[in-house]
>>> print(open('structure36.cif').read())   # mmCIF, C-alpha atoms
data_final
loop_
_atom_site.label_atom_id
_atom_site.label_comp_id
_atom_site.auth_asym_id
_atom_site.auth_seq_id
_atom_site.Cartn_x
_atom_site.Cartn_y
_atom_site.Cartn_z
CA MET A 1 -70.71 -263.77 -113.51
CA LYS A 2 -67.90 -266.15 -112.70
CA GLU A 3 -64.44 -265.59 -114.16
CA GLY A 4 -64.23 -269.13 -115.42
CA CYS A 5 -67.21 -268.86 -117.73
CA ASN A 6 -65.42 -268.13 -121.02
CA ASP A 7 -67.51 -270.64 -122.90
CA LEU A 8 -70.71 -269.19 -121.47
CA ILE A 9 -69.77 -265.69 -122.57
CA ASN A 10 -68.84 -266.78 -126.07
CA ASP A 11 -71.91 -268.99 -126.54
CA VAL A 12 -74.37 -266.49 -125.12
CA LEU A 13 -73.11 -263.41 -126.91
CA VAL A 14 -72.59 -265.11 -130.24
CA ASP A 15 -75.38 -267.67 -130.44
CA SER A 16 -78.23 -266.52 -128.22
CA GLU A 17 -81.23 -265.19 -130.12
CA LEU A 18 -82.18 -263.12 -127.09
CA ALA A 19 -78.69 -261.59 -126.98
CA LYS A 20 -78.90 -260.69 -130.66
CA LYS A 21 -82.13 -258.81 -129.98
CA ILE A 22 -81.10 -256.87 -126.90
CA VAL A 23 -77.35 -256.26 -127.12
CA PRO A 24 -76.59 -253.19 -129.27
CA ASN A 25 -73.82 -254.85 -131.23
CA LYS A 26 -74.46 -257.89 -133.43
CA PHE A 27 -71.94 -260.33 -132.00
CA LYS A 28 -70.36 -262.69 -134.43
CA HIS A 29 -67.92 -265.54 -134.52
CA THR A 30 -64.36 -264.26 -134.39
CA SER A 31 -60.87 -265.65 -134.22
CA LYS A 32 -59.58 -267.18 -131.02
CA GLN A 33 -57.75 -263.93 -130.31
CA GLY A 34 -60.97 -262.00 -130.84
CA ARG A 35 -62.87 -264.19 -128.38
CA ILE A 36 -60.11 -263.73 -125.82
CA ARG A 37 -60.20 -259.96 -126.24
CA ARG A 38 -63.98 -259.83 -125.88
CA GLN A 39 -63.73 -261.92 -122.72
CA LYS A 40 -61.00 -259.68 -121.33
CA LEU A 41 -62.98 -256.49 -121.96
CA LEU A 42 -65.96 -257.93 -120.09
CA MET A 43 -63.93 -259.13 -117.14
CA VAL A 44 -62.04 -255.84 -116.83
CA ALA A 45 -65.31 -253.91 -116.94
CA LYS A 46 -66.65 -256.14 -114.18
CA LYS A 47 -63.57 -255.63 -112.00
CA LEU A 48 -63.60 -251.87 -112.49
CA SER A 49 -67.29 -251.73 -111.59
CA GLU A 50 -66.53 -253.41 -108.27
CA ARG A 51 -64.38 -250.39 -107.29
CA HIS A 52 -66.05 -247.49 -109.10
CA ASN A 53 -69.46 -246.12 -110.01
CA ILE A 54 -70.45 -247.58 -113.36
CA GLN A 55 -71.22 -244.16 -114.83
CA ASP A 56 -67.65 -243.07 -114.09
CA ILE A 57 -66.09 -245.90 -116.11
CA THR A 58 -65.23 -245.08 -119.72
CA LEU A 59 -64.34 -247.24 -122.68
CA VAL A 60 -60.83 -245.74 -122.48
CA ASP A 61 -60.53 -246.95 -118.86
CA ILE A 62 -61.53 -250.47 -119.83
CA CYS A 63 -59.25 -250.61 -122.87
CA GLU A 64 -56.27 -249.31 -120.93
CA GLU A 65 -56.81 -251.75 -118.07
CA ALA A 66 -57.29 -254.62 -120.52
CA ASP A 67 -54.32 -253.46 -122.66
CA ILE A 68 -56.49 -253.65 -125.78
CA PRO A 69 -56.50 -250.87 -128.43
CA ARG A 70 -59.74 -248.92 -128.66
CA ALA A 71 -59.93 -249.69 -132.37
CA SER A 72 -60.09 -253.41 -131.51
CA ALA A 73 -62.63 -252.85 -128.73
CA TYR A 74 -65.02 -251.13 -131.16
CA HIS A 75 -65.15 -254.37 -133.14
CA PHE A 76 -66.91 -256.00 -130.18
CA PHE A 77 -68.65 -253.11 -128.41
CA PRO A 78 -69.63 -249.80 -130.03
CA ASN A 79 -69.53 -247.99 -126.68
CA VAL A 80 -69.10 -248.57 -122.95
CA GLU A 81 -72.87 -248.94 -122.46
CA ALA A 82 -72.81 -251.97 -124.76
CA ILE A 83 -70.20 -253.61 -122.53
CA PHE A 84 -72.31 -253.14 -119.42
CA LEU A 85 -75.45 -254.24 -121.23
CA ALA A 86 -73.63 -257.44 -122.22
CA LEU A 87 -72.57 -257.90 -118.59
CA ARG A 88 -76.13 -257.33 -117.46
CA PHE A 89 -77.36 -259.96 -119.88
CA LEU A 90 -74.73 -262.43 -118.68
CA ASN A 91 -75.74 -261.70 -115.09
CA TYR A 92 -79.31 -262.52 -116.04
CA ILE A 93 -78.21 -265.82 -117.59
CA ASP A 94 -76.30 -266.68 -114.40
CA THR A 95 -79.31 -265.83 -112.24
CA LEU A 96 -81.81 -267.69 -114.40
CA GLN A 97 -79.65 -270.83 -114.54
CA ALA A 98 -79.17 -270.80 -110.77
CA LEU A 99 -82.87 -270.35 -110.02
CA GLU A 100 -83.88 -273.00 -112.55
CA LYS A 101 -82.08 -275.57 -110.40
CA ILE A 102 -84.57 -275.06 -107.57
CA GLU A 103 -87.23 -277.75 -107.91
CA VAL A 104 -90.81 -277.09 -106.86
CA SER A 105 -91.18 -280.73 -105.83
CA SER A 106 -88.67 -280.15 -103.01
CA PHE A 107 -91.23 -278.07 -101.13
CA ASP A 108 -94.57 -278.89 -99.54
CA ARG A 109 -96.21 -275.63 -100.63
CA TRP A 110 -95.87 -273.20 -103.52
CA GLN A 111 -95.33 -270.45 -100.96
CA ASP A 112 -92.18 -272.21 -99.71
CA TYR A 113 -90.88 -272.51 -103.27
CA ILE A 114 -91.38 -268.76 -103.87
CA THR A 115 -89.63 -268.01 -100.57
CA GLU A 116 -86.61 -270.12 -101.48
CA LEU A 117 -86.49 -268.61 -104.97
CA LEU A 118 -86.29 -265.09 -103.54
CA GLN A 119 -83.76 -266.01 -100.87
CA GLN A 120 -81.49 -267.56 -103.48
CA ALA A 121 -81.84 -264.50 -105.71
CA VAL A 122 -80.88 -262.22 -102.83
CA GLN A 123 -77.81 -264.31 -102.13
CA LEU A 124 -76.77 -264.14 -105.80
CA PHE A 125 -77.10 -260.36 -105.86
CA ASN A 126 -75.37 -259.74 -102.55
CA ASN A 127 -72.45 -261.96 -103.58
CA ASP A 128 -71.83 -259.97 -106.78
CA VAL A 129 -71.69 -256.19 -106.46
CA THR A 130 -71.62 -255.68 -110.24
CA LYS A 131 -74.79 -257.71 -110.66
CA THR A 132 -76.55 -255.56 -108.06
CA LYS A 133 -75.21 -252.25 -109.39
CA LEU A 134 -76.31 -253.02 -112.93
CA MET A 135 -79.79 -253.99 -111.79
CA TYR A 136 -80.46 -251.50 -109.00
CA GLY A 137 -77.70 -248.89 -108.93
CA VAL A 138 -78.80 -245.28 -109.45
CA ASN A 139 -75.67 -244.66 -111.52
CA SER A 140 -76.21 -247.55 -113.95
CA PRO A 141 -76.12 -246.69 -117.65
CA GLN A 142 -79.49 -245.82 -119.13
CA PHE A 143 -80.00 -248.02 -122.16
CA ASN A 144 -81.85 -246.80 -125.22
CA SER A 145 -84.56 -249.45 -125.29
CA SER A 146 -86.76 -251.17 -122.74
CA GLU A 147 -86.77 -254.31 -124.87
CA TYR A 148 -83.94 -255.82 -122.83
CA GLN A 149 -85.83 -255.61 -119.56
CA GLU A 150 -89.09 -256.80 -121.10
CA GLN A 151 -87.39 -259.86 -122.58
CA VAL A 152 -85.72 -260.66 -119.25
CA ASP A 153 -88.88 -260.12 -117.22
CA HIS A 154 -91.00 -262.39 -119.39
CA SER A 155 -88.29 -265.07 -119.55
CA MET A 156 -87.98 -265.16 -115.75
CA VAL A 157 -91.75 -265.18 -115.23
CA GLY A 158 -92.10 -267.90 -117.85
CA MET A 159 -89.53 -270.04 -116.03
CA LEU A 160 -91.39 -269.67 -112.74
CA PHE A 161 -94.74 -270.57 -114.33
CA GLU A 162 -93.26 -273.62 -116.07
CA LYS A 163 -91.74 -274.79 -112.79
CA LEU A 164 -95.08 -274.51 -111.02
CA SER A 165 -96.80 -276.25 -113.95
CA SER A 166 -94.36 -279.15 -113.75
CA HIS A 167 -95.58 -280.02 -110.27
CA TYR A 168 -99.06 -278.53 -109.92
CA ASN A 169 -102.15 -278.62 -112.10
CA MET A 170 -102.20 -275.03 -113.35
CA GLU A 171 -104.93 -275.46 -115.98
CA SER A 172 -107.33 -273.28 -114.00
CA PHE A 173 -104.68 -270.58 -113.49
CA LYS A 174 -103.44 -269.85 -117.01
CA ASP A 175 -103.92 -266.11 -116.49
CA ILE A 176 -101.62 -266.21 -113.46
CA LYS A 177 -98.59 -265.26 -115.59
CA GLU A 178 -99.68 -261.62 -115.60
CA LYS A 179 -100.08 -261.72 -111.82
CA ILE A 180 -96.64 -263.32 -111.44
CA LEU A 181 -95.21 -260.50 -113.55
CA ILE A 182 -96.78 -257.94 -111.23
CA ALA A 183 -95.38 -259.77 -108.18
CA TYR A 184 -92.00 -259.87 -109.92
CA HIS A 185 -92.00 -256.08 -110.28
CA MET A 186 -93.07 -255.66 -106.66
CA ILE A 187 -90.08 -257.74 -105.60
CA HIS A 188 -87.70 -255.70 -107.74
CA SER A 189 -89.07 -252.45 -106.33
CA ILE A 190 -88.33 -253.62 -102.79
CA PHE A 191 -84.87 -254.89 -103.77
CA SER A 192 -84.15 -251.58 -105.48
CA LEU A 193 -85.21 -249.58 -102.43
CA SER A 194 -83.01 -251.73 -100.21
CA PHE A 195 -79.95 -251.27 -102.43
CA LYS A 196 -80.46 -247.51 -102.64
CA GLN A 197 -80.76 -247.24 -98.87
CA TYR A 198 -78.23 -249.82 -97.68
CA ASP A 199 -76.04 -250.74 -100.70
CA GLU A 200 -77.30 -254.30 -100.39
CA ILE A 201 -80.49 -256.29 -100.19
CA THR A 202 -80.90 -256.67 -96.45
CA LYS A 203 -82.46 -259.63 -94.67
CA GLU A 204 -85.33 -257.42 -93.55
CA MET A 205 -86.03 -256.16 -97.06
CA SER A 206 -85.75 -259.68 -98.43
CA GLU A 207 -88.43 -260.77 -95.97
CA GLU A 208 -90.60 -257.81 -97.00
CA ALA A 209 -90.31 -258.90 -100.63
CA VAL A 210 -91.35 -262.45 -99.74
CA THR A 211 -94.30 -261.17 -97.72
CA ALA A 212 -95.46 -258.82 -100.49
CA ALA A 213 -95.13 -261.37 -103.30
CA ILE A 214 -96.89 -264.21 -101.48
CA ALA A 215 -99.64 -261.97 -100.10
CA TYR A 216 -100.36 -260.69 -103.62
CA LEU A 217 -100.30 -264.13 -105.27
CA ARG A 218 -102.59 -265.49 -102.55
CA CYS A 219 -105.28 -263.26 -104.01
CA TYR A 220 -105.25 -265.47 -107.11
CA LEU A 221 -103.89 -268.85 -105.99
CA PRO A 222 -105.34 -271.18 -103.34
CA GLU A 223 -103.29 -272.01 -100.24
CA GLU A 224 -102.88 -275.52 -101.63
CA LEU A 225 -102.48 -275.94 -105.36
CA PRO A 226 -103.76 -279.23 -106.82
CA LEU A 227 -100.94 -281.63 -107.57
CA LYS A 228 -100.58 -283.18 -110.99
#
>>> encode(input="structure36.cif", output="structure tokens")
Amino acid sequence: MKEGCNDLINDVLVDSELAKKIVPNKFKHTSKQGRIRRQKLLMVAKKLSERHNIQDITLVDICEEADIPRASAYHFFPNVEAIFLALRFLNYIDTLQALEKIEVSSFDRWQDYITELLQQAVQLFNNDVTKTKLMYGVNSPQFNSSEYQEQVDHSMVGMLFEKLSSHYNMESFKDIKEKILIAYHMIHSIFSLSFKQYDEITKEMSEEAVTAAIAYLRCYLPEELPLK
């Protein structure tokens, strides 16, 4: 999440239907001061997470660093887990928007598109330690519901399928979404293992993820997909 994305944070947390479903607090329009305080709490939490284990960061720590009274912070986030869940959602938005910019038509084969998608994702994670900690860190907060992850997973898989469908004739492969979801979880398992072992997603593990995903999808997709 970039520090200059005030508008993104406000729009996503206030207006997004997905955010309303998965973030514990029902965000609402507030005064300009309220929006600034919400932004500051998020950015301070992000900065603290770059230096400390997420599970060691308390709401008191964030409020003190942000110089915002705890009573005001409760208006935006009921607890520290809600702050990090909001950050995780914003990280997802950042990642999805970045990967959506990759056009399938720029590649000769669907395999090359998948490879580029994964390489770009690795770069995004390795360039933002908070993003990686929240997704793969063993000390990340455990949220009460799996709905967040399910919503994110299906949104990301849906984006990938729509991208493929924009360039290839996917009429014969409508059931491929479920297979893409499985490949998606395979990729995350490899990324998670890499982060736990090396505190980053290494080049070698990134290549393993590409190999695993493409090998699996090749069981259901031809080497050359028919163009539209």
>>> closest_atom_pairs(input="structure36.cif", of="stretch 54-126 of chain A", to="stretch 207-215 of chain A", cutoff="8 Å", atoms="only C-alpha atoms", output="tab-separated table")
residue	atom	partner	partner_atom	distance
A:Gln111	CA	A:Ile214	CA	6.5
A:Ile114	CA	A:Ile214	CA	7.5
A:Thr115	CA	A:Val210	CA	5.9
A:Leu118	CA	A:Val210	CA	6.9
>>> atom_distance(input="structure36.cif", atom1="atom CA of A:Gln149", atom2="atom CA of A:Glu103")
25.1 Å
>>> resolve_selection(input="structure36.cif", expression="the PyMOL selection byres ((chain A and resi 191) around 8)", output="tab-separated table (two decimals) with C-alpha atoms, in the frame of the given file")
chain	number	residue	atom	x	y	z
A	136	TYR	CA	-80.46	-251.50	-109.00
A	187	ILE	CA	-90.08	-257.74	-105.60
A	188	HIS	CA	-87.70	-255.70	-107.74
A	189	SER	CA	-89.07	-252.45	-106.33
A	190	ILE	CA	-88.33	-253.62	-102.79
A	192	SER	CA	-84.15	-251.58	-105.48
A	193	LEU	CA	-85.21	-249.58	-102.43
A	194	SER	CA	-83.01	-251.73	-100.21
A	195	PHE	CA	-79.95	-251.27	-102.43
A	201	ILE	CA	-80.49	-256.29	-100.19
A	205	MET	CA	-86.03	-256.16	-97.06
A	206	SER	CA	-85.75	-259.68	-98.43
A	209	ALA	CA	-90.31	-258.90	-100.63
>>> residues_near_point(input="structure36.cif", point="(-58.4, -249.7, -121.6)", cutoff="12 Å", atoms="all atoms listed in the file", output="PDB file with C-alpha atoms, in the frame of the given file")
ATOM      1  CA  ARG A  37     -60.200-259.960-126.240  1.00  0.00           C
ATOM      2  CA  LYS A  40     -61.000-259.680-121.330  1.00  0.00           C
ATOM      3  CA  LEU A  41     -62.980-256.490-121.960  1.00  0.00           C
ATOM      4  CA  LEU A  42     -65.960-257.930-120.090  1.00  0.00           C
ATOM      5  CA  MET A  43     -63.930-259.130-117.140  1.00  0.00           C
ATOM      6  CA  VAL A  44     -62.040-255.840-116.830  1.00  0.00           C
ATOM      7  CA  ALA A  45     -65.310-253.910-116.940  1.00  0.00           C
ATOM      8  CA  LEU A  48     -63.600-251.870-112.490  1.00  0.00           C
ATOM      9  CA  ILE A  57     -66.090-245.900-116.110  1.00  0.00           C
ATOM     10  CA  THR A  58     -65.230-245.080-119.720  1.00  0.00           C
ATOM     11  CA  LEU A  59     -64.340-247.240-122.680  1.00  0.00           C
ATOM     12  CA  VAL A  60     -60.830-245.740-122.480  1.00  0.00           C
ATOM     13  CA  ASP A  61     -60.530-246.950-118.860  1.00  0.00           C
ATOM     14  CA  ILE A  62     -61.530-250.470-119.830  1.00  0.00           C
ATOM     15  CA  CYS A  63     -59.250-250.610-122.870  1.00  0.00           C
ATOM     16  CA  GLU A  64     -56.270-249.310-120.930  1.00  0.00           C
ATOM     17  CA  GLU A  65     -56.810-251.750-118.070  1.00  0.00           C
ATOM     18  CA  ALA A  66     -57.290-254.620-120.520  1.00  0.00           C
ATOM     19  CA  ASP A  67     -54.320-253.460-122.660  1.00  0.00           C
ATOM     20  CA  ILE A  68     -56.490-253.650-125.780  1.00  0.00           C
ATOM     21  CA  PRO A  69     -56.500-250.870-128.430  1.00  0.00           C
ATOM     22  CA  ARG A  70     -59.740-248.920-128.660  1.00  0.00           C
ATOM     23  CA  ALA A  71     -59.930-249.690-132.370  1.00  0.00           C
ATOM     24  CA  SER A  72     -60.090-253.410-131.510  1.00  0.00           C
ATOM     25  CA  ALA A  73     -62.630-252.850-128.730  1.00  0.00           C
ATOM     26  CA  TYR A  74     -65.020-251.130-131.160  1.00  0.00           C
ATOM     27  CA  VAL A  80     -69.100-248.570-122.950  1.00  0.00           C
TER      28      VAL A  80
END
>>> residues_around(input="structure36.cif", residues="stretch 170-178 of chain A", least_positions_apart="4", cutoff="7 Å", atoms="all atoms listed in the file", output="list in words")
Val157, Phe161, Ser165 and Ile182 of chain A
>>> closest_residue(input="structure36.cif", among="A:Tyr216, A:Lys133, A:Met159, A:Ala183", to="A:Lys196", atoms="all atoms listed in the file")
A:Lys133
>>> atom_distance(input="structure36.cif", atom1="atom CA of A:His154", atom2="atom CA of A:Leu90")
16.3 Å
>>> atom_distance(input="structure36.cif", atom1="atom CA of A:Lys47", atom2="atom CA of A:Ala82")
16.2 Å
